[in-house]
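Structure first, then comments.
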Amino acid sequence: MKTVSFFSTCLTDTVLPDVSRDSVLLLEKLGCRVVFNPKQTCCGQPLANSGFQQKAKKAMELQMEALLEDEADYVVCPSGSCTLQVKEYPNFFEDQPDLLEKAERLSEKIYELTDFIVNILQQTDLSASLKAKAAYHPSCHMTRLLDVKEPPLALLKQVAGLELVDFKGQDKCCGFGGTFSVKLGPLSGAMAAEKVENIREAGAEYLIGADAGCLMNLQGVIERRGYPIKVRHIAQVLMAS
Amino acid sequence: MTIKTSDLPLKERLQKELGNPQMRKAIANAQDLLNGKREAAFEELGDFEQWRETAGTIRSHVLENLDYYLTQFADKASAAGAQVYFAEDASQAAGYGLEILQKRKAVKAVKSKSMVTEEIGLNEMLEEAGIEVIETDLGEYLLQIDDHDKPSHIVVPALHKNRDHFRRVLAEKKGYKGDNVPENMTRFVRQLIRKEFLEADVGITGCNFAVAETGTVTLVTNEGNGRFVTTAPKTQVVFLGMERIVPTFAELDIIFSMLARSAVGAKLTSYMSLMTGPKAPEDKDGPEELHIIIVDNGRSRVLESDFREVLRCIRCGTCMLECPAYRHISGHGYGTLYPGPLGLALVPVLAGYDDYKEITKICSLCGACNEVCPVKIPLYEFIFEHRRIIAEEGNLTPAGEKILMGRYGDVIGSSALYGLATKAARFSSFAPKVGPLKQWSIDRDLPKIPKTRFRDWFAARKKNGGVK
Ligand code: SF4
């Protein structure tokens with residue numbers, strides 16, 4: 001049995017706990033033993049992306065400690081963006097050998113949830129079902145920088161009753177960008193609004209993604225505009241039956 | 001114009017552009033159209049990754065050996081009869097240009113589109129001295145008669161405006177009576193400009209790339225105006241950005257192959273003008289004098305910095321066409337001559353953080369630009385590094401932001417503090433009215449914060465023996 005140390009990320013821990021819950025249940029359903037180390041907090045990305053790398057390093061050290069402590073076989077995270085951040089930890093500790101070693105170890109162990117299911121557990125048909133028309137938002141960090149493109153689609157294709165619709169500007173950024181969304185709110189909002197309008201135009205009843213940040217961003221617009229589009233993280237879809 | 005194109009503070013500038021639906025529609029259409037054309041053009045070329053690796057290596061090699069190639073170029077160009085000057089900064093460069101024109105008692109100059117002349121504020125200096133400057137690139141011409149509106153893109157300067165707008169401008173300023181069909185408007189402008197070409201004393205151009213081996217300056221255009229500017233007037237002044245050099249024609253071939261495909265989705269541009277020295281006695285046309293002004297204006301500083309590779313840039317504008325932020329605010333939102341990802345990476349180091357640190361915020365770090373840059377500039381990494389320098393070095397970040405970020409760092413750097421802070425995360429009811437979240441909630445609802453965190457659920461389940 002594979003042991004998985006689950007990295008929830010601060011956002012799904014506090015704002016979207018159902019995403020983490022369903023991710024854990026899913027991993028367990030697929031035969032993993034899941035541990036959650038409560039020392040974990042946030043990957044540090046909001047600080048690092050704003051330029052505050054030194055301040056972010058304290059959080060990075062803490063995640064290294066928390067996520068390596070249980071000596072699990074793998075670390076799994078339900079966010080492409082946060083996974084990317086952890087994968088890049090070694091870049092921040094190049095001149096600190098002992099921490100660099102830890103950073104590298106963690107960087108090798110961590111997987112984004114769908115990548116883990118498809119490429120490590122080698123499963124695609126999770127006998128989930130959702131009878132609906134859905135749009136999938138490929139988040140930027142996950143597809144472009146982490147290079148996880150196919151796994152979420154491979155999983156969604158096996159969901160009974162689910163019809164995936166393409167939409168205009170599908171691979172464009174949703175405008176979230178972490179602190180970008182609060183620093184330049186109106187610009188970020190304009191980017192999100194265009195995305196939502198395109199999703200709506202494609203007739204999607206559901207919006208599915210693998211990054212809680214992007215989903216929260218798009219959901220904010222959907223709610224503000226009163227559209228009947230339901231927003232789900234892929235873990236929630238894969239647990240639906 | 002200079003590198004700075006607006007004095008408005010960042011947020012006001014963005015607000016102004018976001019409030020311009022006509023511009024946003026024009027840019028979005030242009031992005032979609034040109035990106036599609038570019039993808040098709042590269043598909044036909046073959047392995048894009050390999051091509052851009054090669055092009056990037058060529059550019060990087062030149063930067064590493066820039067002294068050598070600049071000297072070689074200057075020697076060869078001089079040997080071919082050109083007069084080569086080296087200008088350290090904008091005022092020197094524009095000043096040289098003015099001197100040349102004044103010596104020839106020029107009253108009228110025709111110009112082909114050039115970013116470096118915009119960068120050094122050449123037009124303004126010449127106009128102040130009473131010399132009439134006529135832009136002959138169609139887009140630039142239209143902007144010039146449209147009360148000197150500013151370019152919003154480095155290749156397609158009038159990207160932000162549509163044909164109806166220009167029909168009105170042409171009617172108002174030049175008595176045009178036709179419809180809004182681009183071909184008809186172009187024909188009209190062509191007739192107006194032709195007269196100017198024949199009357200002009202001096203032709204002014206930029207230079208896409210200079211060839212070191214032969215001392216050749218080159219110009220690519222799609223309208224043929226560049227050819228006219230470089231052949232009709234007796235005196236020719238070429239402004240060359242210091243880094244825009246290739247060793248030989250073999251490398252020029254590769255760079256131009258990438259440039260035409262990236263910029264406009266074409267295999268080649270319609271015109272490619274190559275000039276080695278002034279008119280030879282046996283030549284039928286061409287300038288009698290050829291001056292080449294090599295412009296540094298901050299490039300040496302970039303060359304010595306960690307951002308050197310941004311000088312690989314071939315000014316194709318692709319990163320702007322791919323940028324999802326540029327899409328909504330156009331080049332004008334940046335307040336700089338070089339907008340988009342290129343601008344974010346280049347301008348703070350070319351012209352200093354004091355004036356340009358703010359623009360590094362205009363990026364969601366989506367990484368789209370990195371995937372398309374034909375010379376593989378690590379734009380994402382450069383923007384990221386600028387932000388680090390702004391946050392961590394010197395006195396570049398407002399104290400308030402530093403304190404806020406410091407507090408956040410303390411919280412996520414400690415399990416105990418994080419536990420306390422998130423337990424008390426009941427801020428959703430008042431947050432929209434205060435602090436940074438106000439920005440979020442202008443166009444979006446904030447999520448409702450649930451009572452139980454994931455970790456509480458996990459712990460409770462463990463306690464109840466719910467874990468296998
Ligand atoms: S940075 Fe790259 S994509 Fe952008 S204009 Fe320069 S060469 Fe083109």
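Here, A, B, ... name the chains of the structure tokens in the order displayed, residue numbers run from 1 inside each chain, and ligands are numbered from 1 in the same displayed order.
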Quick check: residues of chain A within 6 Å of chain B, only C-alpha atoms, returned as a PDB file with N, CA, C and O atoms, in the first residue's frame.
```
ATOM      1  N   ASP A  13      -7.523  24.241   2.581  1.00  0.00           N
ATOM      2  CA  ASP A  13      -7.679  23.968   4.010  1.00  0.00           C
ATOM      3  C   ASP A  13      -8.769  24.870   4.600  1.00  0.00           C
ATOM      4  O   ASP A  13      -9.657  24.403   5.305  1.00  0.00           O
ATOM      5  N   THR A  14      -8.703  26.143   4.237  1.00  0.00           N
ATOM      6  CA  THR A  14      -9.576  27.100   4.926  1.00  0.00           C
ATOM      7  C   THR A  14     -10.819  27.510   4.129  1.00  0.00           C
ATOM      8  O   THR A  14     -11.886  27.688   4.695  1.00  0.00           O
ATOM      9  N   VAL A  15     -10.662  27.687   2.818  1.00  0.00           N
ATOM     10  CA  VAL A  15     -11.778  28.238   2.044  1.00  0.00           C
ATOM     11  C   VAL A  15     -12.582  27.156   1.327  1.00  0.00           C
ATOM     12  O   VAL A  15     -13.802  27.235   1.215  1.00  0.00           O
ATOM     13  N   PRO A  17     -12.572  23.482   1.933  1.00  0.00           N
ATOM     14  CA  PRO A  17     -12.166  22.223   2.579  1.00  0.00           C
ATOM     15  C   PRO A  17     -12.736  20.978   1.897  1.00  0.00           C
ATOM     16  O   PRO A  17     -12.121  19.912   1.953  1.00  0.00           O
ATOM     17  N   LYS A  39       1.363  20.263  10.804  1.00  0.00           N
ATOM     18  CA  LYS A  39       2.301  21.389  10.850  1.00  0.00           C
ATOM     19  C   LYS A  39       2.244  22.224   9.569  1.00  0.00           C
ATOM     20  O   LYS A  39       2.682  23.356   9.523  1.00  0.00           O
ATOM     21  N   THR A  41       1.293  24.560   6.393  1.00  0.00           N
ATOM     22  CA  THR A  41       0.523  25.799   6.295  1.00  0.00           C
ATOM     23  C   THR A  41       0.275  26.163   4.831  1.00  0.00           C
ATOM     24  O   THR A  41      -0.724  25.767   4.246  1.00  0.00           O
ATOM     25  N   CYS A  42       1.230  26.896   4.239  1.00  0.00           N
ATOM     26  CA  CYS A  42       1.068  27.414   2.880  1.00  0.00           C
ATOM     27  C   CYS A  42       2.409  27.275   2.175  1.00  0.00           C
ATOM     28  O   CYS A  42       3.458  27.408   2.798  1.00  0.00           O
ATOM     29  N   GLY A  51       7.721  38.807  -4.814  1.00  0.00           N
ATOM     30  CA  GLY A  51       9.109  39.232  -4.708  1.00  0.00           C
ATOM     31  C   GLY A  51       9.726  38.987  -3.336  1.00  0.00           C
ATOM     32  O   GLY A  51      10.930  39.087  -3.169  1.00  0.00           O
ATOM     33  N   PHE A  52       8.893  38.662  -2.355  1.00  0.00           N
ATOM     34  CA  PHE A  52       9.406  38.514  -0.978  1.00  0.00           C
ATOM     35  C   PHE A  52       9.925  37.094  -0.751  1.00  0.00           C
ATOM     36  O   PHE A  52       9.362  36.324   0.012  1.00  0.00           O
ATOM     37  N   LYS A  55      11.240  36.205   2.872  1.00  0.00           N
ATOM     38  CA  LYS A  55      10.131  36.010   3.819  1.00  0.00           C
ATOM     39  C   LYS A  55       9.408  34.699   3.538  1.00  0.00           C
ATOM     40  O   LYS A  55       8.849  34.080   4.438  1.00  0.00           O
ATOM     41  N   LYS A  58      10.823  30.935   5.100  1.00  0.00           N
ATOM     42  CA  LYS A  58      10.449  30.365   6.396  1.00  0.00           C
ATOM     43  C   LYS A  58       9.293  29.374   6.210  1.00  0.00           C
ATOM     44  O   LYS A  58       9.290  28.276   6.770  1.00  0.00           O
ATOM     45  N   ALA A  59       8.329  29.791   5.408  1.00  0.00           N
ATOM     46  CA  ALA A  59       7.199  28.907   5.140  1.00  0.00           C
ATOM     47  C   ALA A  59       7.658  27.673   4.356  1.00  0.00           C
ATOM     48  O   ALA A  59       7.192  26.558   4.601  1.00  0.00           O
ATOM     49  N   CYS A 140      -2.850  27.679 -15.637  1.00  0.00           N
ATOM     50  CA  CYS A 140      -1.575  28.013 -16.294  1.00  0.00           C
ATOM     51  C   CYS A 140      -0.382  27.292 -15.686  1.00  0.00           C
ATOM     52  O   CYS A 140       0.412  26.682 -16.387  1.00  0.00           O
ATOM     53  N   GLY A 177      -3.767  34.569 -10.575  1.00  0.00           N
ATOM     54  CA  GLY A 177      -2.388  35.018 -10.326  1.00  0.00           C
ATOM     55  C   GLY A 177      -2.085  35.341  -8.877  1.00  0.00           C
ATOM     56  O   GLY A 177      -1.220  36.162  -8.589  1.00  0.00           O
ATOM     57  N   PHE A 180      -1.815  38.955  -7.520  1.00  0.00           N
ATOM     58  CA  PHE A 180      -2.196  39.777  -8.680  1.00  0.00           C
ATOM     59  C   PHE A 180      -3.687  40.132  -8.603  1.00  0.00           C
ATOM     60  O   PHE A 180      -4.093  41.253  -8.917  1.00  0.00           O
ATOM     61  N   VAL A 182      -5.564  40.698  -6.133  1.00  0.00           N
ATOM     62  CA  VAL A 182      -5.919  41.784  -5.216  1.00  0.00           C
ATOM     63  C   VAL A 182      -5.129  43.061  -5.491  1.00  0.00           C
ATOM     64  O   VAL A 182      -5.600  44.161  -5.258  1.00  0.00           O
ATOM     65  N   GLY A 185      -6.923  44.356  -8.924  1.00  0.00           N
ATOM     66  CA  GLY A 185      -8.242  43.743  -8.949  1.00  0.00           C
ATOM     67  C   GLY A 185      -9.035  43.951 -10.223  1.00  0.00           C
ATOM     68  O   GLY A 185      -9.523  42.990 -10.813  1.00  0.00           O
ATOM     69  N   GLY A 189     -10.070  41.041 -12.633  1.00  0.00           N
ATOM     70  CA  GLY A 189     -11.509  40.801 -12.783  1.00  0.00           C
ATOM     71  C   GLY A 189     -11.928  40.790 -14.249  1.00  0.00           C
ATOM     72  O   GLY A 189     -12.780  39.992 -14.656  1.00  0.00           O
ATOM     73  N   GLY A 220     -16.213  33.600  -8.249  1.00  0.00           N
ATOM     74  CA  GLY A 220     -16.542  34.948  -7.801  1.00  0.00           C
ATOM     75  C   GLY A 220     -17.297  35.725  -8.870  1.00  0.00           C
ATOM     76  O   GLY A 220     -18.263  36.433  -8.582  1.00  0.00           O
ATOM     77  N   VAL A 221     -16.856  35.575 -10.110  1.00  0.00           N
ATOM     78  CA  VAL A 221     -17.533  36.269 -11.220  1.00  0.00           C
ATOM     79  C   VAL A 221     -18.892  35.629 -11.496  1.00  0.00           C
ATOM     80  O   VAL A 221     -19.898  36.322 -11.697  1.00  0.00           O
ATOM     81  N   ARG A 224     -21.276  36.761  -8.886  1.00  0.00           N
ATOM     82  CA  ARG A 224     -21.603  38.167  -9.031  1.00  0.00           C
ATOM     83  C   ARG A 224     -22.577  38.391 -10.178  1.00  0.00           C
ATOM     84  O   ARG A 224     -23.504  39.186 -10.102  1.00  0.00           O
TER      85      ARG A 224
END
```
May I have a table of the residues of chain B lying at most 9 Å from ligand 1, giving each one's closest pair of atoms and their distance in Å to one decimal, counting only C-alpha atoms and all ligand atoms, ordered by chain and ascending residue number, as JSON lines?
```
{"residue": "B:Ile154", "atom": "CA", "partner": "ligand 1", "partner_atom_place_in_ligand_line": "5 (S)", "distance": 7.8}
{"residue": "B:Val155", "atom": "CA", "partner": "ligand 1", "partner_atom_place_in_ligand_line": "5 (S)", "distance": 8.8}
{"residue": "B:Leu259", "atom": "CA", "partner": "ligand 1", "partner_atom_place_in_ligand_line": "8 (Fe)", "distance": 7.9}
{"residue": "B:Ser262", "atom": "CA", "partner": "ligand 1", "partner_atom_place_in_ligand_line": "8 (Fe)", "distance": 7.3}
{"residue": "B:Ala263", "atom": "CA", "partner": "ligand 1", "partner_atom_place_in_ligand_line": "8 (Fe)", "distance": 7.7}
{"residue": "B:Val310", "atom": "CA", "partner": "ligand 1", "partner_atom_place_in_ligand_line": "1 (S)", "distance": 6.8}
{"residue": "B:Leu311", "atom": "CA", "partner": "ligand 1", "partner_atom_place_in_ligand_line": "6 (Fe)", "distance": 8.2}
{"residue": "B:Arg312", "atom": "CA", "partner": "ligand 1", "partner_atom_place_in_ligand_line": "7 (S)", "distance": 6.8}
{"residue": "B:Cys313", "atom": "CA", "partner": "ligand 1", "partner_atom_place_in_ligand_line": "6 (Fe)", "distance": 3.8}
{"residue": "B:Ile314", "atom": "CA", "partner": "ligand 1", "partner_atom_place_in_ligand_line": "7 (S)", "distance": 4.4}
{"residue": "B:Arg315", "atom": "CA", "partner": "ligand 1", "partner_atom_place_in_ligand_line": "5 (S)", "distance": 4.0}
{"residue": "B:Cys316", "atom": "CA", "partner": "ligand 1", "partner_atom_place_in_ligand_line": "8 (Fe)", "distance": 4.0}
{"residue": "B:Gly317", "atom": "CA", "partner": "ligand 1", "partner_atom_place_in_ligand_line": "5 (S)", "distance": 3.8}
{"residue": "B:Thr318", "atom": "CA", "partner": "ligand 1", "partner_atom_place_in_ligand_line": "3 (S)", "distance": 4.3}
{"residue": "B:Cys319", "atom": "CA", "partner": "ligand 1", "partner_atom_place_in_ligand_line": "3 (S)", "distance": 4.0}
{"residue": "B:Met320", "atom": "CA", "partner": "ligand 1", "partner_atom_place_in_ligand_line": "4 (Fe)", "distance": 6.5}
{"residue": "B:Leu321", "atom": "CA", "partner": "ligand 1", "partner_atom_place_in_ligand_line": "3 (S)", "distance": 8.6}
{"residue": "B:Glu322", "atom": "CA", "partner": "ligand 1", "partner_atom_place_in_ligand_line": "3 (S)", "distance": 8.7}
{"residue": "B:Tyr338", "atom": "CA", "partner": "ligand 1", "partner_atom_place_in_ligand_line": "5 (S)", "distance": 8.7}
{"residue": "B:Gly340", "atom": "CA", "partner": "ligand 1", "partner_atom_place_in_ligand_line": "4 (Fe)", "distance": 7.8}
{"residue": "B:Pro341", "atom": "CA", "partner": "ligand 1", "partner_atom_place_in_ligand_line": "4 (Fe)", "distance": 6.5}
{"residue": "B:Leu342", "atom": "CA", "partner": "ligand 1", "partner_atom_place_in_ligand_line": "1 (S)", "distance": 4.5}
{"residue": "B:Gly343", "atom": "CA", "partner": "ligand 1", "partner_atom_place_in_ligand_line": "1 (S)", "distance": 8.1}
{"residue": "B:Ala345", "atom": "CA", "partner": "ligand 1", "partner_atom_place_in_ligand_line": "1 (S)", "distance": 8.2}
{"residue": "B:Leu346", "atom": "CA", "partner": "ligand 1", "partner_atom_place_in_ligand_line": "1 (S)", "distance": 8.6}
{"residue": "B:Cys369", "atom": "CA", "partner": "ligand 1", "partner_atom_place_in_ligand_line": "3 (S)", "distance": 6.6}
{"residue": "B:Asn370", "atom": "CA", "partner": "ligand 1", "partner_atom_place_in_ligand_line": "3 (S)", "distance": 7.8}
{"residue": "B:Glu371", "atom": "CA", "partner": "ligand 1", "partner_atom_place_in_ligand_line": "3 (S)", "distance": 8.9}
{"residue": "B:Val372", "atom": "CA", "partner": "ligand 1", "partner_atom_place_in_ligand_line": "3 (S)", "distance": 6.2}
{"residue": "B:Cys373", "atom": "CA", "partner": "ligand 1", "partner_atom_place_in_ligand_line": "3 (S)", "distance": 3.6}
{"residue": "B:Pro374", "atom": "CA", "partner": "ligand 1", "partner_atom_place_in_ligand_line": "7 (S)", "distance": 5.7}
{"residue": "B:Val375", "atom": "CA", "partner": "ligand 1", "partner_atom_place_in_ligand_line": "7 (S)", "distance": 5.6}
{"residue": "B:Lys376", "atom": "CA", "partner": "ligand 1", "partner_atom_place_in_ligand_line": "2 (Fe)", "distance": 6.6}
{"residue": "B:Ile377", "atom": "CA", "partner": "ligand 1", "partner_atom_place_in_ligand_line": "2 (Fe)", "distance": 5.9}
{"residue": "B:Pro378", "atom": "CA", "partner": "ligand 1", "partner_atom_place_in_ligand_line": "1 (S)", "distance": 8.5}
{"residue": "B:Leu379", "atom": "CA", "partner": "ligand 1", "partner_atom_place_in_ligand_line": "1 (S)", "distance": 6.9}
```
| task | DSSP on the backbone, then: every residue of segment 232-357 of chain B marked helix (DSSP H, G or I), written as a PyMOL selection string. | result | chain B and resi 249-264+299-304+308-312+318-322+326-329+331-334+340-351+353-356
Include C-alpha atoms and write out the residues we just selected as a JSON list (two decimals), in the first residue's frame.
```
[["chain", "number", "residue", "atom", "x", "y", "z"],
["B", 249, "PHE", "CA", 23.75, 36.79, -43.58],
["B", 250, "ALA", "CA", 23.36, 33.16, -42.54],
["B", 251, "GLU", "CA", 22.18, 34.25, -39.10],
["B", 252, "LEU", "CA", 20.14, 37.09, -40.56],
["B", 253, "ASP", "CA", 18.23, 34.52, -42.57],
["B", 254, "ILE", "CA", 17.26, 32.60, -39.43],
["B", 255, "ILE", "CA", 16.36, 35.69, -37.44],
["B", 256, "PHE", "CA", 14.21, 37.11, -40.23],
["B", 257, "SER", "CA", 12.51, 33.75, -40.68],
["B", 258, "MET", "CA", 11.51, 33.90, -37.03],
["B", 259, "LEU", "CA", 10.65, 37.59, -37.08],
["B", 260, "ALA", "CA", 8.22, 37.53, -39.99],
["B", 261, "ARG", "CA", 6.46, 34.43, -38.73],
["B", 262, "SER", "CA", 6.25, 35.67, -35.16],
["B", 263, "ALA", "CA", 5.22, 39.23, -35.90],
["B", 264, "VAL", "CA", 2.64, 38.78, -38.62],
["B", 299, "ARG", "CA", 21.63, 48.95, -23.17],
["B", 300, "SER", "CA", 25.12, 48.74, -21.67],
["B", 301, "ARG", "CA", 23.50, 48.66, -18.27],
["B", 302, "VAL", "CA", 21.24, 45.80, -19.35],
["B", 303, "LEU", "CA", 24.21, 43.99, -20.83],
["B", 304, "GLU", "CA", 26.05, 44.05, -17.53],
["B", 308, "ARG", "CA", 21.29, 40.56, -20.30],
["B", 309, "GLU", "CA", 19.38, 37.95, -22.27],
["B", 310, "VAL", "CA", 16.39, 40.25, -22.62],
["B", 311, "LEU", "CA", 18.51, 42.00, -25.25],
["B", 312, "ARG", "CA", 18.03, 38.94, -27.42],
["B", 318, "THR", "CA", 4.50, 38.08, -29.98],
["B", 319, "CYS", "CA", 4.69, 38.15, -26.20],
["B", 320, "MET", "CA", 2.22, 41.04, -26.26],
["B", 321, "LEU", "CA", -0.13, 39.18, -28.54],
["B", 322, "GLU", "CA", -0.13, 36.20, -26.20],
["B", 326, "TYR", "CA", -2.13, 43.15, -22.44],
["B", 327, "ARG", "CA", -5.35, 41.94, -24.06],
["B", 328, "HIS", "CA", -7.44, 44.13, -21.78],
["B", 329, "ILE", "CA", -5.30, 47.22, -21.45],
["B", 331, "GLY", "CA", 0.19, 48.94, -24.79],
["B", 332, "HIS", "CA", -1.21, 52.15, -23.34],
["B", 333, "GLY", "CA", -1.94, 50.50, -20.01],
["B", 334, "TYR", "CA", 1.76, 50.08, -19.40],
["B", 340, "GLY", "CA", 3.68, 43.61, -22.42],
["B", 341, "PRO", "CA", 5.99, 40.94, -21.06],
["B", 342, "LEU", "CA", 8.95, 42.38, -22.97],
["B", 343, "GLY", "CA", 8.32, 45.75, -21.33],
["B", 344, "LEU", "CA", 8.10, 44.23, -17.85],
["B", 345, "ALA", "CA", 11.37, 42.39, -18.33],
["B", 346, "LEU", "CA", 13.26, 45.13, -20.17],
["B", 347, "VAL", "CA", 12.15, 48.57, -19.08],
["B", 348, "PRO", "CA", 12.93, 48.42, -15.34],
["B", 349, "VAL", "CA", 16.54, 47.60, -16.11],
["B", 350, "LEU", "CA", 16.85, 49.74, -19.25],
["B", 351, "ALA", "CA", 15.41, 52.85, -17.65],
["B", 353, "TYR", "CA", 13.25, 50.90, -11.14],
["B", 354, "ASP", "CA", 12.40, 54.32, -9.81],
["B", 355, "ASP", "CA", 10.03, 55.03, -12.65],
["B", 356, "TYR", "CA", 9.21, 51.53, -13.77]]
```
| message | What's the separation between atom CA of Val133 of chain B and atom CA of Ala200 of chain B, in Å to one decimal place? | response |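 Distance between the two atoms: 9.1 Å.
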| request: Tell me which of B:Thr397, B:Gln72, B:Gln102, B:Asn225 sits closest to Leu138 of chain B, counting only C-alpha atoms. | output: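 For Leu138 of chain B, the nearest of the given residues is B:Asn225.
Pairwise distance (atom CA of Tyr271 of chain B, atom CA of Thr216 of chain B) equals 15.8 Å.
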| Atom-to-atom span, atom CA of Thr114 of chain A and atom CA of Ile234 of chain A, Å |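 So the answer is 8.4 Å.
Look at segment 81-90 of chain A: the protein and nucleic acid residues within 7 Å of it, using only C-alpha atoms and passing over chain neighbours fewer than 3 places away, are Cys43, Gln45, Cys77, Phe93, Glu94, Leu100, Ala103, Glu104, Ser107, Ile110, Tyr111, Glu112, His141, Met142, Leu146 and Asp211 of chain A.
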For the selection just defined, write its residues with C-alpha atoms to a file, as a compact mmCIF listing (two decimals), in the first residue's frame.
```
# COMPACT_ATOMS: atom_id res chain seq x y z
CA CYS A 43 3.61 26.76 0.13
CA GLN A 45 3.89 31.21 -3.28
CA CYS A 77 -1.43 18.06 -3.57
CA PHE A 93 18.08 27.01 -1.23
CA GLU A 94 20.96 26.70 -3.62
CA LEU A 100 18.76 22.02 -0.40
CA ALA A 103 14.08 20.64 -0.84
CA GLU A 104 15.23 18.26 -3.54
CA SER A 107 10.54 18.23 -4.92
CA ILE A 110 5.44 15.74 -4.66
CA TYR A 111 2.78 15.15 -7.29
CA GLU A 112 -0.26 17.02 -8.36
CA HIS A 141 0.93 26.80 -13.75
CA MET A 142 -0.28 23.25 -13.99
CA LEU A 146 4.32 21.87 -14.26
CA ASP A 211 -6.59 24.61 -9.04
```
| task | Could you tell me which of A:Glu28, A:Gln53, A:Pro46, A:Tyr136 comes closest to Ser181 of chain A if we count only C-alpha atoms? | result |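 Answer, going by the shortest atom-to-atom distance: A:Pro46.
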| said: Counting only C-alpha atoms, which residue out of A:Leu130, A:Ala235, A:Leu153, A:Val35 sits closest to Tyr206 of chain A? | reply: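 Among the listed residues, A:Leu130 lies closest to Tyr206 of chain A.
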| field | For segment 188-196 of chain B: contacts at 10 Å, only C-alpha atoms, fewer than 5 positions along chain excluded, given as a ChimeraX atom specification | value | /B:108-110,133-138,141-142,170,174,176-178,182-183,201,223,225,228-229
| query | Which neighbours of Ile117 of chain A fall inside 12 Å, counting only C-alpha atoms, when residues of the same chain fewer than 5 positions from it are skipped, and could you give them as an NGL selection string? | reply | :A and (2 or 4 or 23 or 26-32 or 74 or 76-78 or 111-112 or 122-126 or 148 or 150-152 or 154-155 or 234-235 or 238)
Restricting it to C-alpha atoms, dump the selection as an mmCIF file, in the first residue's frame.
```
data_model
loop_
_atom_site.group_PDB
_atom_site.id
_atom_site.type_symbol
_atom_site.label_atom_id
_atom_site.label_comp_id
_atom_site.auth_asym_id
_atom_site.auth_seq_id
_atom_site.Cartn_x
_atom_site.Cartn_y
_atom_site.Cartn_z
ATOM 1 C CA LYS A 2 1.324 3.426 -0.912
ATOM 2 C CA VAL A 4 0.662 9.533 0.802
ATOM 3 C CA SER A 23 -9.086 14.396 -2.596
ATOM 4 C CA LEU A 26 -10.406 9.598 -3.515
ATOM 5 C CA LEU A 27 -6.846 8.613 -2.664
ATOM 6 C CA GLU A 28 -8.152 6.238 -0.020
ATOM 7 C CA LYS A 29 -10.643 4.789 -2.441
ATOM 8 C CA LEU A 30 -7.741 4.079 -4.754
ATOM 9 C CA GLY A 31 -5.979 2.163 -2.008
ATOM 10 C CA CYS A 32 -3.593 4.720 -0.555
ATOM 11 C CA TYR A 74 4.653 10.348 -1.959
ATOM 12 C CA VAL A 76 0.171 14.676 -3.135
ATOM 13 C CA CYS A 77 -1.431 18.064 -3.570
ATOM 14 C CA PRO A 78 -4.777 19.016 -5.140
ATOM 15 C CA TYR A 111 2.782 15.145 -7.291
ATOM 16 C CA GLU A 112 -0.256 17.017 -8.364
ATOM 17 C CA GLN A 122 -2.006 4.120 -13.225
ATOM 18 C CA GLN A 123 -5.739 4.529 -12.990
ATOM 19 C CA THR A 124 -8.106 6.494 -15.143
ATOM 20 C CA ASP A 125 -11.524 4.944 -14.719
ATOM 21 C CA LEU A 126 -12.594 5.801 -11.205
ATOM 22 C CA VAL A 148 0.562 18.295 -16.383
ATOM 23 C CA GLU A 150 -3.293 15.175 -20.116
ATOM 24 C CA PRO A 151 -3.997 13.522 -16.741
ATOM 25 C CA PRO A 152 -7.027 15.614 -15.762
ATOM 26 C CA ALA A 154 -7.859 11.407 -19.170
ATOM 27 C CA LEU A 155 -9.724 11.176 -15.875
ATOM 28 C CA ILE A 234 -11.790 17.758 -10.294
ATOM 29 C CA ALA A 235 -11.495 15.771 -7.059
ATOM 30 C CA LEU A 238 -14.172 12.177 -9.466
#
```
| Distance query segment 78-81 of chain B at most 10 Å, only C-alpha atoms, self and fewer than 5 positions along chain excluded, as a list in words | Gln72, Phe73, Thr214, Gly215, Thr216, Met275, Thr276, Gly277, Pro278, Lys279, Ala280, Glu288, Glu289, Leu290, His291 and Ile292 of chain B
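Distance annotation: of A:Leu106, A:Leu215, A:Leu25, A:Leu187, the residue with the minimal separation from Leu67 of chain A is A:Leu106; atom set is only C-alpha atoms.
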| request: Compile the contact shell of Asp179 of chain B as a PyMOL selection string: residues with an atom at most 8 Å away, counting only C-alpha atoms, same-chain residues fewer than 3 positions apart removed. | output: chain B and resi 167+184-185
| Hey, which of A:Gly203, A:Pro186, A:Gly226, A:Gly178 ends up closest to Ala48 of chain A? Count only C-alpha atoms. | A:Gly178
